[in-house]
Structures are given as structure tokens and as C-alpha cells.
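Next comes start-v2.csv, a file with CSV, C-alpha atoms and all ligand atoms.
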```csv
chain,number,residue,atom,x,y,z
R,39,MET,CA,0.6,-15.1,11.9
R,40,GLU,CA,3.0,-13.3,14.3
R,41,ALA,CA,4.0,-16.7,15.7
R,42,TRP,CA,4.8,-18.0,12.2
R,43,ARG,CA,6.8,-14.8,11.4
R,44,ARG,CA,9.0,-15.3,14.5
R,45,GLN,CA,9.6,-18.9,13.6
R,46,LEU,CA,10.6,-18.2,10.0
R,47,ASP,CA,12.6,-15.0,10.5
R,48,ASP,CA,16.0,-16.6,11.2
R,49,PRO,CA,15.8,-19.8,9.1
R,50,VAL,CA,14.7,-18.1,5.8
R,51,SER,CA,17.7,-15.8,5.9
R,52,ALA,CA,20.3,-18.4,6.7
R,53,PHE,CA,21.1,-19.4,3.0
R,54,PRO,CA,20.6,-17.9,-0.4
R,55,ILE,CA,17.8,-19.2,-2.6
R,56,ALA,CA,18.9,-22.0,-4.9
R,57,LYS,CA,15.6,-22.6,-6.7
R,58,ALA,CA,12.3,-20.7,-6.6
R,59,GLY,CA,9.3,-22.8,-7.4
R,60,PRO,CA,7.5,-24.9,-8.4
R,61,ALA,CA,4.4,-22.9,-7.8
R,62,HIS,CA,0.8,-23.9,-8.4
R,63,ILE,CA,-0.7,-21.8,-11.2
R,64,ALA,CA,-3.5,-20.6,-8.9
R,65,THR,CA,-1.1,-19.8,-6.0
R,66,LEU,CA,1.4,-17.7,-7.8
R,67,LYS,CA,-0.4,-14.4,-8.6
R,68,THR,CA,2.4,-12.5,-10.4
R,69,TYR,CA,4.6,-13.4,-13.4
R,70,ASP,CA,6.7,-10.3,-13.7
R,71,PRO,CA,9.4,-10.3,-12.3
R,72,PRO,CA,9.6,-14.0,-12.9
R,73,LEU,CA,10.1,-16.3,-9.8
R,74,ALA,CA,13.6,-17.3,-11.0
R,75,THR,CA,14.7,-13.7,-10.3
R,76,LEU,CA,14.9,-14.8,-6.7
R,77,GLU,CA,17.5,-17.4,-7.3
R,78,GLY,CA,20.9,-16.6,-5.9
R,79,ARG,CA,19.5,-13.9,-3.6
R,80,ARG,CA,19.2,-14.1,0.1
R,81,LEU,CA,16.1,-13.2,2.0
R,82,ALA,CA,16.5,-10.6,4.8
R,83,GLY,CA,14.0,-12.3,7.1
R,84,ALA,CA,10.3,-12.5,7.6
R,85,GLU,CA,8.0,-9.5,8.2
R,86,ARG,CA,4.3,-9.4,8.8
R,87,ARG,CA,1.6,-7.0,7.8
R,88,ALA,CA,-1.8,-8.1,9.1
R,89,LYS,CA,-2.3,-11.6,7.7
R,90,ARG,CA,0.4,-11.3,5.1
R,91,LEU,CA,3.9,-12.5,5.4
R,92,LEU,CA,6.6,-10.5,3.7
R,93,PHE,CA,10.0,-11.8,2.7
R,94,PRO,CA,12.2,-9.0,1.4
R,95,THR,CA,15.4,-9.9,-0.3
R,96,GLU,CA,18.6,-8.7,1.4
R,97,ASP,CA,19.5,-6.5,-1.6
R,98,GLY,CA,16.2,-4.6,-1.2
R,99,GLU,CA,15.1,-5.2,-4.8
R,100,LEU,CA,12.3,-7.8,-4.3
R,101,VAL,CA,9.6,-8.7,-1.8
R,102,LEU,CA,7.9,-12.1,-1.7
R,103,LEU,CA,4.5,-11.6,-0.3
R,104,VAL,CA,2.5,-14.6,1.0
R,105,HIS,CA,-1.2,-14.7,2.0
R,106,LEU,CA,-2.2,-18.0,3.5
R,107,MET,CA,-6.0,-17.3,3.7
R,108,THR,CA,-7.6,-20.0,5.8
R,109,ALA,CA,-6.2,-23.3,4.7
R,110,GLY,CA,-2.6,-22.4,3.7
R,111,ARG,CA,0.3,-23.5,5.8
R,112,LEU,CA,3.9,-22.4,5.5
R,113,LYS,CA,6.7,-24.7,6.7
R,114,TYR,CA,10.4,-24.5,6.9
R,115,LEU,CA,11.9,-27.9,6.3
R,116,GLY,CA,15.6,-28.6,7.1
R,117,ALA,CA,17.8,-30.4,4.6
R,118,GLY,CA,16.6,-33.9,4.0
R,119,GLU,CA,13.4,-33.4,6.0
R,120,LYS,CA,10.4,-35.0,4.3
R,121,GLY,CA,7.8,-32.6,2.9
R,122,PRO,CA,4.6,-32.7,0.8
R,123,LYS,CA,4.9,-34.2,-2.7
R,124,THR,CA,3.2,-31.3,-4.5
R,125,PRO,CA,3.5,-28.1,-2.5
R,126,ALA,CA,1.5,-25.1,-3.7
R,127,PHE,CA,4.7,-23.2,-3.6
R,128,GLN,CA,8.3,-23.9,-2.7
R,129,LEU,CA,11.6,-22.1,-2.2
R,130,GLN,CA,14.7,-24.3,-2.0
R,131,PHE,CA,17.7,-22.9,-0.2
R,132,GLU,CA,21.4,-23.7,-0.8
R,133,GLY,CA,22.3,-26.5,1.5
R,134,GLY,CA,18.9,-28.2,0.9
R,135,ALA,CA,16.5,-26.6,3.3
R,136,ARG,CA,13.1,-25.6,1.9
R,137,LEU,CA,10.3,-23.2,2.6
R,138,VAL,CA,7.1,-25.0,1.6
R,139,LEU,CA,3.5,-23.7,1.2
R,140,THR,CA,0.7,-26.3,1.3
R,141,GLU,CA,-3.0,-25.9,1.2
R,142,ALA,CA,-5.6,-28.4,2.2
R,143,GLY,CA,-8.6,-28.9,0.0
R,144,ALA,CA,-9.1,-28.5,-3.8
R,145,LYS,CA,-9.6,-24.8,-3.8
R,146,LYS,CA,-6.4,-22.8,-4.0
R,147,ARG,CA,-7.0,-19.6,-2.1
R,148,ALA,CA,-3.6,-18.9,-0.6
R,149,GLY,CA,-1.5,-16.6,-2.7
R,150,VAL,CA,2.2,-15.8,-3.4
R,151,TRP,CA,3.3,-12.5,-5.1
R,152,LEU,CA,6.7,-11.5,-6.1
R,153,LEU,CA,6.9,-7.8,-6.1
R,154,THR,CA,9.1,-4.8,-6.2
R,155,PRO,CA,9.1,-3.0,-2.8
R,156,ALA,CA,7.0,-0.2,-4.4
R,157,ALA,CA,4.4,-2.6,-5.7
R,158,ALA,CA,4.3,-4.3,-2.3
R,159,GLU,CA,3.7,-1.0,-0.6
R,160,ALA,CA,0.8,-0.3,-3.0
R,161,GLU,CA,-0.6,-3.8,-2.4
R,162,LEU,CA,-0.6,-3.1,1.4
R,163,ALA,CA,-1.7,0.5,1.3
R,164,HIS,CA,-5.4,-0.3,1.8
R,165,LEU,CA,-4.8,-2.1,5.1
R,166,GLY,CA,-6.0,-0.5,8.3
R,167,PRO,CA,-3.8,-0.1,11.4
R,168,GLU,CA,-2.7,-3.2,13.3
R,169,ALA,CA,-5.4,-4.3,15.7
R,170,LEU,CA,-3.0,-5.4,18.5
R,171,GLY,CA,-2.1,-2.6,20.8
R,172,LEU,CA,-4.4,-0.1,19.2
R,173,GLY,CA,-5.9,1.2,22.4
R,174,PRO,CA,-9.4,2.5,23.2
R,175,GLU,CA,-9.0,6.0,21.8
R,176,ARG,CA,-7.9,5.0,18.3
R,177,LEU,CA,-10.3,2.1,18.3
R,178,GLY,CA,-13.2,4.4,19.3
R,179,GLU,CA,-12.5,6.6,16.3
R,180,LEU,CA,-12.4,3.6,13.9
R,181,VAL,CA,-15.5,1.8,15.2
R,182,ARG,CA,-17.6,5.0,15.3
R,183,GLY,CA,-16.3,6.0,11.8
R,184,GLU,CA,-19.0,3.8,10.3
R,185,SER,CA,-22.1,2.0,11.4
R,186,ARG,CA,-21.4,-1.7,11.0
R,187,ARG,CA,-22.2,-4.9,12.8
R,188,LEU,CA,-19.3,-5.5,15.1
R,189,HIS,CA,-18.3,-8.9,13.9
R,190,SER,CA,-18.0,-7.8,10.3
R,191,LEU,CA,-16.3,-4.6,11.2
R,192,LEU,CA,-13.6,-6.4,13.2
R,193,ARG,CA,-12.9,-8.7,10.3
R,194,ASP,CA,-12.6,-5.9,7.8
R,195,GLN,CA,-8.8,-5.6,7.1
R,196,ARG,CA,-9.3,-2.1,5.6
R,197,VAL,CA,-10.6,-0.9,9.0
R,198,LEU,CA,-8.4,-2.9,11.3
R,199,ALA,CA,-5.7,-5.3,10.3
R,200,GLY,CA,-5.0,-8.7,11.8
R,201,ILE,CA,-8.3,-10.1,13.0
R,202,GLY,CA,-9.9,-13.1,11.3
R,203,ARG,CA,-13.3,-14.6,11.9
R,204,ALA,CA,-12.2,-17.0,14.6
R,205,TRP,CA,-10.6,-14.3,16.7
R,206,ALA,CA,-13.5,-11.9,16.0
R,207,ASN,CA,-15.6,-14.5,17.8
R,208,GLU,CA,-13.1,-14.9,20.7
R,209,ILE,CA,-12.7,-11.1,21.1
R,210,LEU,CA,-16.4,-10.3,21.1
R,211,HIS,CA,-17.0,-13.1,23.7
R,212,GLU,CA,-14.2,-11.7,25.9
R,213,ALA,CA,-15.6,-8.2,25.5
R,214,ARG,CA,-19.2,-9.5,26.2
R,215,LEU,CA,-20.5,-7.7,23.1
R,216,SER,CA,-23.0,-8.9,20.6
R,217,PRO,CA,-21.6,-9.7,17.2
R,218,PHE,CA,-24.5,-7.8,15.7
R,219,ALA,CA,-24.1,-4.7,17.9
R,220,LEU,CA,-23.8,-1.6,15.7
R,221,SER,CA,-20.3,-0.2,16.0
R,222,LYS,CA,-21.5,3.4,16.1
R,223,GLU,CA,-23.6,2.8,19.1
R,224,LEU,CA,-20.8,1.5,21.4
R,225,ASP,CA,-20.4,3.7,24.6
R,226,ASP,CA,-17.0,4.5,26.0
R,227,GLU,CA,-17.0,1.7,28.4
R,228,GLU,CA,-17.8,-0.8,25.7
R,229,VAL,CA,-15.0,0.5,23.4
R,230,GLU,CA,-12.6,0.1,26.3
R,231,ARG,CA,-13.7,-3.5,26.9
R,232,LEU,CA,-13.3,-4.1,23.2
R,233,ALA,CA,-9.8,-2.6,23.0
R,234,ALA,CA,-8.8,-4.7,26.1
R,235,ALA,CA,-10.3,-7.9,24.6
R,236,ILE,CA,-8.5,-7.3,21.2
R,237,ASP,CA,-5.2,-7.1,23.0
R,238,SER,CA,-5.7,-9.9,25.5
R,239,GLU,CA,-7.2,-12.3,22.9
R,240,LEU,CA,-4.7,-11.7,20.1
R,241,SER,CA,-1.8,-12.0,22.7
R,242,ARG,CA,-3.3,-15.2,24.0
R,243,GLY,CA,-3.6,-16.6,20.5
R,244,LEU,CA,-0.1,-15.7,19.8
R,245,GLU,CA,1.2,-17.4,22.9
R,246,LEU,CA,-0.8,-20.6,22.3
R,247,ARG,CA,0.3,-20.8,18.7
R,248,GLU,CA,3.9,-20.4,19.7
R,249,ARG,CA,3.4,-23.4,22.1
R,250,GLY,CA,1.8,-25.3,19.2
R,251,ALA,CA,-1.6,-25.6,20.8
R,252,ALA,CA,-4.3,-27.2,18.6
R,253,ASP,CA,-7.4,-25.1,17.5
R,254,ASP,CA,-9.6,-27.0,19.9
R,255,LYS,CA,-7.5,-25.9,22.9
R,256,THR,CA,-7.0,-22.4,21.5
R,257,TYR,CA,-10.6,-21.3,21.0
R,258,ARG,CA,-13.3,-20.8,23.7
R,259,VAL,CA,-16.3,-20.0,21.5
R,260,HIS,CA,-15.2,-20.4,17.9
R,261,LYS,CA,-16.6,-23.7,16.6
R,262,LYS,CA,-17.8,-24.6,20.1
R,263,LEU,CA,-21.5,-24.9,19.3
R,264,GLY,CA,-23.4,-26.5,22.3
R,265,LYS,CA,-20.3,-26.5,24.5
R,266,PRO,CA,-20.6,-24.6,27.8
R,267,CYS,CA,-19.4,-21.0,27.9
R,268,ASP,CA,-16.3,-20.9,30.1
R,269,ILE,CA,-17.6,-17.8,31.9
R,270,CYS,CA,-21.3,-18.7,32.6
R,271,GLY,CA,-21.8,-22.3,31.5
R,272,THR,CA,-24.5,-21.4,28.9
R,273,SER,CA,-24.4,-23.4,25.7
R,274,ILE,CA,-22.5,-21.6,22.9
R,275,ALA,CA,-24.8,-20.7,20.0
R,276,GLN,CA,-24.1,-20.0,16.4
R,277,VAL,CA,-25.7,-17.7,13.8
R,278,ASP,CA,-25.2,-17.3,10.1
R,279,PHE,CA,-24.2,-13.9,8.9
R,280,ASP,CA,-23.4,-13.2,5.3
R,281,GLU,CA,-21.1,-16.0,4.4
R,282,HIS,CA,-19.8,-16.6,7.9
R,283,THR,CA,-20.9,-18.6,10.9
R,284,ILE,CA,-20.6,-16.6,14.1
R,285,PHE,CA,-20.2,-18.3,17.5
R,286,TYR,CA,-21.3,-16.5,20.7
R,287,CYS,CA,-22.6,-16.9,24.2
R,288,PRO,CA,-26.3,-15.9,24.4
R,289,GLN,CA,-25.9,-15.1,28.1
R,290,CYS,CA,-22.7,-13.1,28.1
R,291,GLN,CA,-23.1,-11.3,24.9
R,292,THR,CA,-26.7,-10.9,23.9
R,293,GLY,CA,-28.6,-10.6,27.1
R,294,GLY,CA,-30.1,-14.1,26.8
R,295,ARG,CA,-31.4,-13.7,23.3
R,296,LEU,CA,-30.6,-16.0,20.4
R,297,LEU,CA,-29.6,-14.1,17.3
R,298,LYS,CA,-31.5,-15.0,14.1
R,299,ASP,CA,-29.7,-15.9,10.8
R,300,ARG,CA,-29.4,-12.7,8.8
R,301,ARG,CA,-31.0,-14.2,5.7
R,302,LEU,CA,-34.1,-15.4,7.5
R,303,SER,CA,-35.3,-12.5,9.6
R,304,LYS,CA,-34.6,-9.1,10.8
R,305,LEU,CA,-31.5,-8.8,13.0
R,306,LEU,CA,-31.8,-8.7,16.7
R,307,ARG,CA,-29.3,-6.6,18.5
G,1,ZN,ZN,-21.3,-17.0,28.8
```

As C-alpha cells, please, write out the structure in this file.
Amino acid sequence: MEAWRRQLDDPVSAFPIAKAGPAHIATLKTYDPPLATLEGRRLAGAERRAKRLLFPTEDGELVLLVHLMTAGRLKYLGAGEKGPKTPAFQLQFEGGARLVLTEAGAKKRAGVWLLTPAAAEAELAHLGPEALGLGPERLGELVRGESRRLHSLLRDQRVLAGIGRAWANEILHEARLSPFALSKELDDEEVERLAAAIDSELSRGLELRERGAADDKTYRVHKKLGKPCDICGTSIAQVDFDEHTIFYCPQCQTGGRLLKDRRLSKLLR
């Protein structure tokens, strides 16, 4: 998300908005103020809060908030550049450039909100602190604050903002921690490893995204079932947990044990 923010920061503020919309009915989550209120205004740039992108207007009166979820993509198209026929959402700038949101698949999960700055603040208030750069001390307080399986705790944006399920897999692999380990039971050394892995993995992801690397090259364990672990060569395993599939190395992370699907049997740790 940070890579996208950087890419969009300059172009979106280059010209005032000529036309806001169309927007898919499931994508646009607010109707007051109406989208047309954006027309004639200039955006100040792109900001990011966890996985949300924020586009405040230069006059400080409105904030366009975008959450891409898993399948949403946001693209800036120069004047005359070809784009999708039916974007889920679009802003057209004076001069012809466009900001276009597309979403693969039939389910529309990505969302766009047009808010006042106060409403945007309220919308974001429940988010935890940014994961990147948190450090072992603060991270230790957060993970020991509740007893949760590490993978689900890392993904919980109210605890820690900015880690999705793919990067939770990558981070836990790098930290050599079991996805099912209980957060409260981590010792100091494990918390330090986790803090270091959060920073190194999120930075690595950012760098790769900026270079435009494909998912397959970006991830080391996520969706790598059966592929060799790049540290020990053991086949990467997967386990179902709630509604997610978790990927991990049974050698590096769980002491050689295979984790059992949560629905089928008691959890191993
Ligand atoms: Zn391994």
C-alpha cells in the first residue's frame, strides 16, 4: 500500500477533478456529501493509514478514503491511456488523466468513502498503531495484551495496522514462530525476532512492489504449498484457520510438527 501511495501522491494532485464517478453501487459506501462535491476541487496528494488510502482535498474540506481489500486495484491513467470499460470507481481530472479503481471477480469488496475530515478521523480511530517500525518494546506490550494465536493477532488491524494475511505468513516464517503460538506466551527474544521480522518483511515487500515484482517472486511461503523452504528446504505446509489458509514451514516454525486444521482437531502449538 505504501508503494501505491508513493506512486499516486504527485499525479493525483496535478490537476483539479473534472468529474467524480461513475461508481459501482457496492463500491461507493457514502452518499452524503455527494460525489459531485469533489468536482472542481484539487486533491492534496495521497496518504495512507494501514491499508487505507486517503486523498484529502487541497481546501481541507473533504477526504476520499479508499480501501482496496484483496482484489481492488487503483491505477492512474494518463490522458488518452486505455483503461477498463467499467471501473468500480473513477475520478477524471482536468486534462484527461484518470484515477481508476478496478476489482477482479464478481464480489465487490473494495470501498470508497467520501467524508469530511472529522468523519474520516472517526472512521480510522479504531486502527492500531502502524506495524512498520514499531520496535520490540511496543510490540511486546501489544502482543501480551491479549492471548491470541499469532497469525490472527498480526492480521487484526485494531491491534496492529498494516499486515494482511500474506505478510503475516511471511513475517512468522522470517521470525521462525508458529502461526498458532499464543501471543501472551512469547518470551523477550521471540518478541524481538517478531519485531525485526515485521520491519524486514514489510520493507522487503515495499521494495519489491515498487520494482513491480509479481506475487510469485515476492512471497517465500505464502501460497507456496509443497515448495521448498528457502531456509531449510522442507516442503511448505498449509493449515486452515478460521476462514484463512495459513502457510508455514514445519521445520523452521513448528519444530517439525504439522498443524491441524482448526475445525478438525485441537490446535497444536
Ligand atoms: Zn524452513

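Coordinates place CA of Gln128 in chain R at a distance of 9.6 Å from CA of Lys113 in chain R.
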
Environment of ligand ZN 1 (chain G) within 12 Å, counting all atoms listed in the file, reported as a compact mmCIF listing (two decimals) with C-alpha atoms, keeping the file's coordinate frame:
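Saved as out_1.txt:
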```txt
# COMPACT_ATOMS: atom_id res chain seq x y z
CA GLU R 208 -13.10 -14.90 20.70
CA LEU R 210 -16.40 -10.30 21.10
CA HIS R 211 -17.00 -13.10 23.70
CA GLU R 212 -14.20 -11.70 25.90
CA ALA R 213 -15.60 -8.20 25.50
CA ARG R 214 -19.20 -9.50 26.20
CA LEU R 215 -20.50 -7.70 23.10
CA SER R 216 -23.00 -8.90 20.60
CA ARG R 258 -13.30 -20.80 23.70
CA VAL R 259 -16.30 -20.00 21.50
CA GLY R 264 -23.40 -26.50 22.30
CA LYS R 265 -20.30 -26.50 24.50
CA PRO R 266 -20.60 -24.60 27.80
CA CYS R 267 -19.40 -21.00 27.90
CA ASP R 268 -16.30 -20.90 30.10
CA ILE R 269 -17.60 -17.80 31.90
CA CYS R 270 -21.30 -18.70 32.60
CA GLY R 271 -21.80 -22.30 31.50
CA THR R 272 -24.50 -21.40 28.90
CA SER R 273 -24.40 -23.40 25.70
CA ILE R 274 -22.50 -21.60 22.90
CA ALA R 275 -24.80 -20.70 20.00
CA PHE R 285 -20.20 -18.30 17.50
CA TYR R 286 -21.30 -16.50 20.70
CA CYS R 287 -22.60 -16.90 24.20
CA PRO R 288 -26.30 -15.90 24.40
CA GLN R 289 -25.90 -15.10 28.10
CA CYS R 290 -22.70 -13.10 28.10
CA GLN R 291 -23.10 -11.30 24.90
CA THR R 292 -26.70 -10.90 23.90
CA GLY R 293 -28.60 -10.60 27.10
CA GLY R 294 -30.10 -14.10 26.80
CA ARG R 295 -31.40 -13.70 23.30
```

Kindly provide, as a count of residues only, the polymer residues lying within 10 Å of (-14.8, -0.8, 20.4), counting only C-alpha atoms and using the coordinates exactly as they appear in the file. 31

Within 10 Å of Ala41 in chain R, counting all atoms listed in the file, which residues qualify if same-chain residues fewer than 4 places away don't, as JSON, numbers by chain? {"R": [45, 46, 243, 244, 245, 246, 247, 248, 249, 250]}

Between R:Gly149, R:Gly200, R:Gly143, R:Gly121, single out the one closest to Leu165 in chain R, counting only C-alpha atoms. R:Gly200

Nearest residue to Leu115 in chain R out of R:Pro217, R:Gly98, R:Gly134, R:Gly59, using only C-alpha atoms?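 Closest to Leu115 in chain R of all the choices is R:Gly134.
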
For CA of Thr256 in chain R and CA of Glu168 in chain R, determine how far apart the two atoms are, in Å to one decimal place.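 Between these atoms lies a distance of 21.3 Å.
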
Which residues are close to Ala52 in chain R, i.e. within 12 Å by all atoms listed in the file, leaving aside same-chain residues fewer than 4 positions away? Reply as a list in words.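 Here the answer would be Leu46, Asp47, Asp48, Arg79, Arg80, Leu81, Ala82, Gly83, Ala84, Glu96, Tyr114, Gly116, Gln130, Phe131, Glu132, Gly133, Gly134, Ala135, Arg136 and Leu137 of chain R.
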
Taking a cut-off of 6 Å and counting only C-alpha atoms, can you build a table that, for each residue of range 49-98 of chain R near range 102-105 of chain R, reports the nearest atom pair and how far apart they are in Å (one decimal), sorted by chain then residue number, as a tab-separated table?
```
residue	atom	partner	partner_atom	distance
R:Arg90	CA	R:His105	CA	4.9
R:Leu91	CA	R:Val104	CA	5.1
R:Leu92	CA	R:Leu103	CA	4.6
R:Phe93	CA	R:Leu102	CA	4.9
```

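The protein and nucleic acid residues lying at most 9 Å from Arg196 in chain R are His164, Leu165, Gly166 and Pro167 of chain R, with only C-alpha atoms considered and sequence neighbours fewer than 6 positions away removed.
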
Set the distance at 8 Å and use all atoms listed in the file: which residues neighbour Leu100 in chain R once local chain neighbours fewer than 5 positions away are removed? I'd like the list as a PDB file with C-alpha atoms, keeping the file's coordinate frame.
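The file below, out05.pdb, is the result:
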```
ATOM      1  CA  LEU R  76      14.900 -14.800  -6.700  1.00  0.00           C
ATOM      2  CA  PRO R  94      12.200  -9.000   1.400  1.00  0.00           C
ATOM      3  CA  THR R  95      15.400  -9.900  -0.300  1.00  0.00           C
ATOM      4  CA  LEU R 152       6.700 -11.500  -6.100  1.00  0.00           C
ATOM      5  CA  LEU R 153       6.900  -7.800  -6.100  1.00  0.00           C
ATOM      6  CA  THR R 154       9.100  -4.800  -6.200  1.00  0.00           C
ATOM      7  CA  PRO R 155       9.100  -3.000  -2.800  1.00  0.00           C
TER       8      PRO R 155
END
```

Closest of R:Arg44, R:Val150, R:Arg86, R:Asp97 to His62 in chain R - atom-to-atom distances counting only C-alpha atoms: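 Comparing R:Arg44, R:Val150, R:Arg86, R:Asp97 against His62 in chain R, the winner is R:Val150.
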
For Leu106 in chain R, list every protein, DNA or RNA residue within 8 Å, evaluated using all atoms listed in the file, and leave out those in the same chain fewer than 2 positions away; present the list as number ranges by chain. R: 89-90, 104, 108-112, 147-149

Pairwise distance, CA of Glu77 in chain R with CA of Lys146 in chain R, equals 24.7 Å

Taking the partial coordinates given, rebuild range 138-148 of chain R to contain all heavy atoms; return it as a short mmCIF file (atom, residue, chain, number, x, y, z; two decimals), in the coordinates of the input.
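Heads up, here's the output in selection-v8.cif:
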```cif
data_model
loop_
_atom_site.label_atom_id
_atom_site.label_comp_id
_atom_site.auth_asym_id
_atom_site.auth_seq_id
_atom_site.Cartn_x
_atom_site.Cartn_y
_atom_site.Cartn_z
N VAL R 138 8.10 -24.28 2.35
CA VAL R 138 7.10 -25.00 1.60
C VAL R 138 5.68 -24.47 1.99
O VAL R 138 5.36 -24.34 3.16
CB VAL R 138 7.15 -26.50 1.89
CG1 VAL R 138 5.95 -27.22 1.33
CG2 VAL R 138 8.42 -27.06 1.31
N LEU R 139 4.88 -24.14 0.98
CA LEU R 139 3.50 -23.70 1.20
C LEU R 139 2.56 -24.85 0.78
O LEU R 139 2.65 -25.32 -0.35
CB LEU R 139 3.18 -22.44 0.46
CG LEU R 139 1.87 -21.70 0.77
CD1 LEU R 139 1.97 -20.27 0.22
CD2 LEU R 139 0.63 -22.32 0.21
N THR R 140 1.72 -25.30 1.69
CA THR R 140 0.70 -26.30 1.30
C THR R 140 -0.65 -25.73 1.61
O THR R 140 -0.80 -24.80 2.41
CB THR R 140 0.88 -27.59 2.17
OG1 THR R 140 0.82 -27.24 3.55
CG2 THR R 140 2.19 -28.28 1.87
N GLU R 141 -1.64 -26.29 0.96
CA GLU R 141 -3.00 -25.90 1.20
C GLU R 141 -3.93 -27.05 1.10
O GLU R 141 -4.00 -27.72 0.07
CB GLU R 141 -3.40 -24.78 0.17
CG GLU R 141 -4.70 -24.10 0.52
CD GLU R 141 -4.96 -22.89 -0.35
OE1 GLU R 141 -4.35 -22.76 -1.42
OE2 GLU R 141 -5.80 -22.06 0.05
N ALA R 142 -4.62 -27.32 2.19
CA ALA R 142 -5.60 -28.40 2.20
C ALA R 142 -6.76 -28.12 1.35
O ALA R 142 -7.15 -26.97 1.21
CB ALA R 142 -5.99 -28.73 3.65
N GLY R 143 -7.36 -29.13 0.76
CA GLY R 143 -8.60 -28.90 0.00
C GLY R 143 -8.24 -28.63 -1.48
O GLY R 143 -7.10 -28.32 -1.83
N ALA R 144 -9.28 -28.71 -2.32
CA ALA R 144 -9.10 -28.50 -3.80
C ALA R 144 -8.95 -27.07 -4.14
O ALA R 144 -8.25 -26.72 -5.08
CB ALA R 144 -10.23 -29.18 -4.51
N LYS R 145 -9.63 -26.21 -3.40
CA LYS R 145 -9.60 -24.80 -3.80
C LYS R 145 -8.31 -24.15 -3.34
O LYS R 145 -7.92 -24.22 -2.17
CB LYS R 145 -10.77 -24.07 -3.07
CG LYS R 145 -12.06 -24.23 -3.82
CD LYS R 145 -13.15 -23.34 -3.26
CE LYS R 145 -14.46 -23.61 -3.99
NZ LYS R 145 -15.62 -23.33 -3.17
N LYS R 146 -7.65 -23.54 -4.29
CA LYS R 146 -6.40 -22.80 -4.00
C LYS R 146 -6.69 -21.37 -3.74
O LYS R 146 -6.97 -20.63 -4.66
CB LYS R 146 -5.38 -23.04 -5.11
CG LYS R 146 -4.98 -24.50 -5.31
CD LYS R 146 -4.12 -25.01 -4.17
CE LYS R 146 -3.87 -26.51 -4.25
NZ LYS R 146 -4.24 -27.22 -3.02
N ARG R 147 -6.65 -20.98 -2.48
CA ARG R 147 -7.00 -19.60 -2.10
C ARG R 147 -5.75 -18.81 -1.70
O ARG R 147 -5.68 -17.60 -1.84
CB ARG R 147 -8.02 -19.56 -1.03
CG ARG R 147 -9.38 -20.05 -1.46
CD ARG R 147 -10.47 -19.26 -0.76
NE ARG R 147 -11.78 -19.55 -1.31
CZ ARG R 147 -12.62 -20.48 -0.83
NH1 ARG R 147 -12.26 -21.20 0.21
NH2 ARG R 147 -13.79 -20.67 -1.38
N ALA R 148 -4.79 -19.53 -1.10
CA ALA R 148 -3.60 -18.90 -0.60
C ALA R 148 -2.85 -18.28 -1.85
O ALA R 148 -2.99 -18.77 -2.96
CB ALA R 148 -2.68 -19.86 0.09
#
```
